[in-house]
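Engineer: Just data06.cif, nothing more (mmCIF, C-alpha atoms):
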data_entry
loop_
_atom_site.group_PDB
_atom_site.id
_atom_site.type_symbol
_atom_site.label_atom_id
_atom_site.label_comp_id
_atom_site.auth_asym_id
_atom_site.auth_seq_id
_atom_site.Cartn_x
_atom_site.Cartn_y
_atom_site.Cartn_z
ATOM 1 C CA MET A 111 55.219 145.453 66.155
ATOM 2 C CA GLU A 112 53.831 146.599 62.823
ATOM 3 C CA SER A 113 54.073 144.215 59.888
ATOM 4 C CA ALA A 114 56.644 146.405 58.045
ATOM 5 C CA GLU A 115 58.823 146.513 61.170
ATOM 6 C CA TYR A 116 58.367 142.790 61.650
ATOM 7 C CA ALA A 117 59.310 142.086 58.029
ATOM 8 C CA SER A 118 62.379 144.294 58.409
ATOM 9 C CA ALA A 119 63.385 142.509 61.614
ATOM 10 C CA VAL A 120 62.915 139.119 59.995
ATOM 11 C CA LYS A 121 64.987 140.174 56.977
ATOM 12 C CA ALA A 122 67.795 141.475 59.192
ATOM 13 C CA MET A 123 67.811 138.334 61.312
ATOM 14 C CA SER A 124 67.696 136.144 58.202
ATOM 15 C CA GLU A 125 70.819 137.874 56.916
ATOM 16 C CA VAL A 126 72.574 137.329 60.245
ATOM 17 C CA MET A 127 71.488 133.706 60.292
ATOM 18 C CA ALA A 128 72.663 133.170 56.707
ATOM 19 C CA LYS A 129 76.136 134.418 57.640
ATOM 20 C CA ALA A 130 76.220 132.081 60.620
ATOM 21 C CA GLU A 131 74.908 129.044 58.726
ATOM 22 C CA GLU A 132 78.278 127.400 58.159
ATOM 23 C CA GLU A 133 79.300 127.884 61.789
ATOM 24 C CA ALA A 134 75.964 126.501 62.940
ATOM 25 C CA ARG A 135 76.274 123.426 60.759
ATOM 26 C CA ASP A 136 79.807 122.830 62.052
ATOM 27 C CA PHE A 137 78.477 123.226 65.595
ATOM 28 C CA VAL A 138 75.705 120.668 65.026
ATOM 29 C CA VAL A 139 78.075 118.186 63.360
ATOM 30 C CA GLU A 140 80.532 118.552 66.232
ATOM 31 C CA LYS A 141 77.784 118.145 68.821
ATOM 32 C CA ALA A 142 76.312 115.160 66.947
ATOM 33 C CA GLU A 143 79.674 113.438 67.096
ATOM 34 C CA GLU A 144 79.996 114.323 70.766
ATOM 35 C CA LEU A 145 76.394 113.944 72.001
ATOM 36 C CA GLY A 146 74.509 112.014 69.324
ATOM 37 C CA GLU A 147 71.699 113.327 67.142
ATOM 38 C CA ASP A 148 69.256 114.130 69.973
ATOM 39 C CA GLY A 149 71.990 115.834 71.963
ATOM 40 C CA ALA A 150 72.985 117.900 68.942
ATOM 41 C CA LEU A 151 69.401 119.088 68.447
ATOM 42 C CA GLU A 152 69.166 119.984 72.143
ATOM 43 C CA ALA A 153 72.460 121.905 71.960
ATOM 44 C CA ALA A 154 71.369 123.740 68.794
ATOM 45 C CA LEU A 155 68.024 124.701 70.344
ATOM 46 C CA MET A 156 69.755 125.991 73.473
ATOM 47 C CA GLU A 157 72.236 127.975 71.348
ATOM 48 C CA ALA A 158 69.367 129.547 69.375
ATOM 49 C CA PHE A 159 67.391 130.309 72.536
ATOM 50 C CA VAL A 160 70.344 132.076 74.148
ATOM 51 C CA ALA A 161 71.109 134.005 70.944
ATOM 52 C CA PHE A 162 67.542 135.356 70.705
ATOM 53 C CA ASP A 163 67.138 136.141 74.412
ATOM 54 C CA SER A 164 67.994 139.805 73.839
ATOM 55 C CA ASP A 165 67.916 140.871 77.488
ATOM 56 C CA ASN A 166 69.521 137.667 78.828
ATOM 57 C CA ASP A 167 66.729 137.044 81.322
ATOM 58 C CA GLY A 168 66.279 133.377 80.397
ATOM 59 C CA LYS A 169 62.979 134.076 78.668
ATOM 60 C CA LEU A 170 61.852 134.922 75.157
ATOM 61 C CA ILE A 171 59.066 137.383 74.494
ATOM 62 C CA GLY A 172 56.655 136.728 71.651
ATOM 63 C CA GLN A 173 58.531 138.833 69.099
ATOM 64 C CA GLU A 174 61.827 137.091 69.842
ATOM 65 C CA LEU A 175 60.202 133.673 69.633
ATOM 66 C CA ALA A 176 58.337 134.428 66.402
ATOM 67 C CA VAL A 177 61.505 135.696 64.693
ATOM 68 C CA LEU A 178 63.584 132.763 65.978
ATOM 69 C CA LEU A 179 61.088 130.251 64.614
ATOM 70 C CA GLU A 180 60.765 132.055 61.292
ATOM 71 C CA VAL A 181 64.501 132.391 60.636
ATOM 72 C CA SER A 182 65.025 128.765 61.619
ATOM 73 C CA GLY A 183 62.563 127.749 58.926
ATOM 74 C CA ARG A 184 59.648 126.693 61.105
ATOM 75 C CA THR A 185 55.949 127.101 60.354
ATOM 76 C CA VAL A 186 53.951 128.120 63.401
ATOM 77 C CA PRO A 187 50.296 127.133 63.818
ATOM 78 C CA PRO A 188 48.006 130.208 63.820
ATOM 79 C CA GLU A 189 46.823 129.593 67.388
ATOM 80 C CA LEU A 190 50.427 129.788 68.603
ATOM 81 C CA LEU A 191 51.032 133.023 66.698
ATOM 82 C CA GLN A 192 48.016 134.553 68.456
ATOM 83 C CA GLU A 193 49.487 133.486 71.784
ATOM 84 C CA PHE A 194 52.847 135.145 70.933
ATOM 85 C CA GLN A 195 51.100 138.449 70.221
ATOM 86 C CA SER A 196 50.022 138.811 73.839
ATOM 87 C CA LYS A 197 51.912 141.645 75.549
ATOM 88 C CA ASP A 198 52.471 139.377 78.551
ATOM 89 C CA PHE A 199 53.781 136.402 76.572
ATOM 90 C CA GLU A 200 57.110 134.995 77.746
ATOM 91 C CA CYS A 201 58.542 131.523 77.567
ATOM 92 C CA ASP A 202 61.504 129.884 79.245
ATOM 93 C CA TYR A 203 63.707 127.314 77.530
ATOM 94 C CA ASP A 204 61.531 124.317 78.480
ATOM 95 C CA GLU A 205 58.399 125.984 77.108
ATOM 96 C CA PHE A 206 60.342 126.995 73.982
ATOM 97 C CA THR A 207 61.212 123.339 73.283
ATOM 98 C CA ARG A 208 57.551 122.359 73.703
ATOM 99 C CA ILE A 209 56.526 125.134 71.299
ATOM 100 C CA TYR A 210 59.252 124.134 68.837
ATOM 101 C CA ALA A 211 57.877 120.596 68.832
ATOM 102 C CA ARG A 212 54.455 121.992 67.814
ATOM 103 C CA THR A 213 55.901 123.640 64.679
ATOM 104 C CA TRP A 214 57.007 122.076 61.412
ATOM 105 C CA ARG A 215 59.573 122.797 58.728
ATOM 106 C CA ASN A 216 58.711 125.353 56.075
ATOM 107 C CA GLU A 217 58.356 123.981 52.558
ATOM 108 C CA ARG A 218 61.226 126.197 51.382
ATOM 109 C CA LEU A 219 63.647 123.964 53.283
ATOM 110 C CA GLU A 220 62.244 120.742 51.873
ATOM 111 C CA ASP A 221 63.907 121.474 48.527
ATOM 112 C CA ASP A 222 67.312 121.865 50.155
ATOM 113 C CA GLU A 223 69.070 118.487 49.822
ATOM 114 C CA GLU A 224 71.152 119.121 52.938
ATOM 115 C CA PHE A 225 67.991 119.338 55.036
ATOM 116 C CA GLU A 226 66.092 116.549 53.284
ATOM 117 C CA GLY A 227 64.975 113.906 55.723
ATOM 118 C CA SER A 228 65.915 116.104 58.673
ATOM 119 C CA ASP A 229 63.649 118.038 61.004
ATOM 120 C CA GLU A 230 66.268 120.029 62.858
ATOM 121 C CA VAL A 231 67.043 123.694 63.142
#
Reformat the file's structure so that it appears as structure tokens.

Structural biologist:
Amino acid sequence: MESAEYASAVKAMSEVMAKAEEEARDFVVEKAEELGEDGALEAALMEAFVAFDSDNDGKLIGQELAVLLEVSGRTVPPELLQEFQSKDFECDYDEFTRIYARTWRNERLEDDEEFEGSDEV
């Protein structure tokens, strides 16, 4: 995907994610009450994975994964980005959670008081 197309896709997904932010926060709060903090994170990650699995095959391709991580405010190490660019790259949910754990929050979220002290989606 060319960088202009990628930027356009990221912008479109960011707009969709912004509209869903309140619902997502309600979902996490509800799940935290029901499942605890770790359970809520797991539920939110699964929800995001399913939402970005465009062909519903239980796997994300590199483009889907890169956009998911970017719109969820994660910074991806360069070596992982190179891996995502492989035409054959796919990851299932378990691999996605391992990849997610290797990323960190973008600085733009650190100024948001609602996210301060949190490292969740």

Engineer: What is the atom CA of Leu190 of chain A-atom CA of Ile209 of chain A distance in Å, reported with one decimal?

Structural biologist: 8.1 Å

Engineer: Find the distance between atom CA of Asp163 of chain A and atom CA of Ala150 of chain A and write it in Å to one decimal.

Structural biologist: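 Rounded to one decimal, the two atoms are 19.9 Å apart.
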
Engineer: Hey, which of A:Leu191, A:Val181, A:Ala211, A:Ala161 ends up closest to Ala122 of chain A? Count only C-alpha atoms.

Structural biologist: A:Val181

Engineer: Report the residues retrieved by the PyMOL selection byres ((chain A and resi 123) around 10) from the displayed file, expressed as a list in words.

Structural biologist: Ala117, Ser118, Ala119, Val120, Lys121, Ala122, Ser124, Glu125, Val126, Met127, Ala128, Lys129, Phe162, Val177, Leu178, Glu180, Val181 and Ser182 of chain A

Engineer: Measuring atom to atom with only C-alpha atoms, identify which of A:Gly168, A:Pro188, A:Gly149, A:Gly183 is nearest to Asp204 of chain A.

Structural biologist: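 When distances to Asp204 of chain A are compared using only C-alpha atoms, the smallest one comes from A:Gly168.
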
Engineer: Interatomic distance between atom CA of Ser164 of chain A and atom CA of Phe137 of chain A?

Structural biologist: 21.3 Å

Engineer: Would you kindly translate the PyMOL selection byres ((chain A and resi 152) around 12) into the concrete residues it picks from this file, as a PyMOL selection string?

Structural biologist: chain A and resi 137-138+141-142+145-151+153-159+203-204+206-208+210-211+230-231

Engineer: Pick out the residues sitting within 9 Å of Gln173 of chain A, and hand them over as a list in words; count all atoms listed in the file, and ignore anything fewer than 5 positions along from it in its own chain.

Structural biologist: Met111, Tyr116, Leu178, Phe194 and Gln195 of chain A

Engineer: Would you mind telling me which residue in A:Arg184, A:Thr213, A:Asp202, A:Asp136 lies nearest to Lys169 of chain A when using all atoms listed in the file?

Structural biologist: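 Once distances to Lys169 of chain A are computed over all atoms listed in the file, the minimum belongs to A:Asp202.
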
Engineer: Would you compute an axis-aligned box for segment 172-182 of chain A, covering every atom listed for it in the file with 4 Å of margin on each side, and report centre and edge lengths in Å to one decimal as AutoDock Vina command-line options?

Structural biologist:
--center_x 60.8 --center_y 133.8 --center_z 66.1 --size_x 16.4 --size_y 18.1 --size_z 19.0

Engineer: Kindly indicate which residue among A:Asp165, A:Ser113, A:Trp214, A:Glu174 lies nearest to Phe199 of chain A, using all atoms listed in the file for the distances.

Structural biologist: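 Looking only at the distances to Phe199 of chain A, the closest residue turns out to be A:Glu174.
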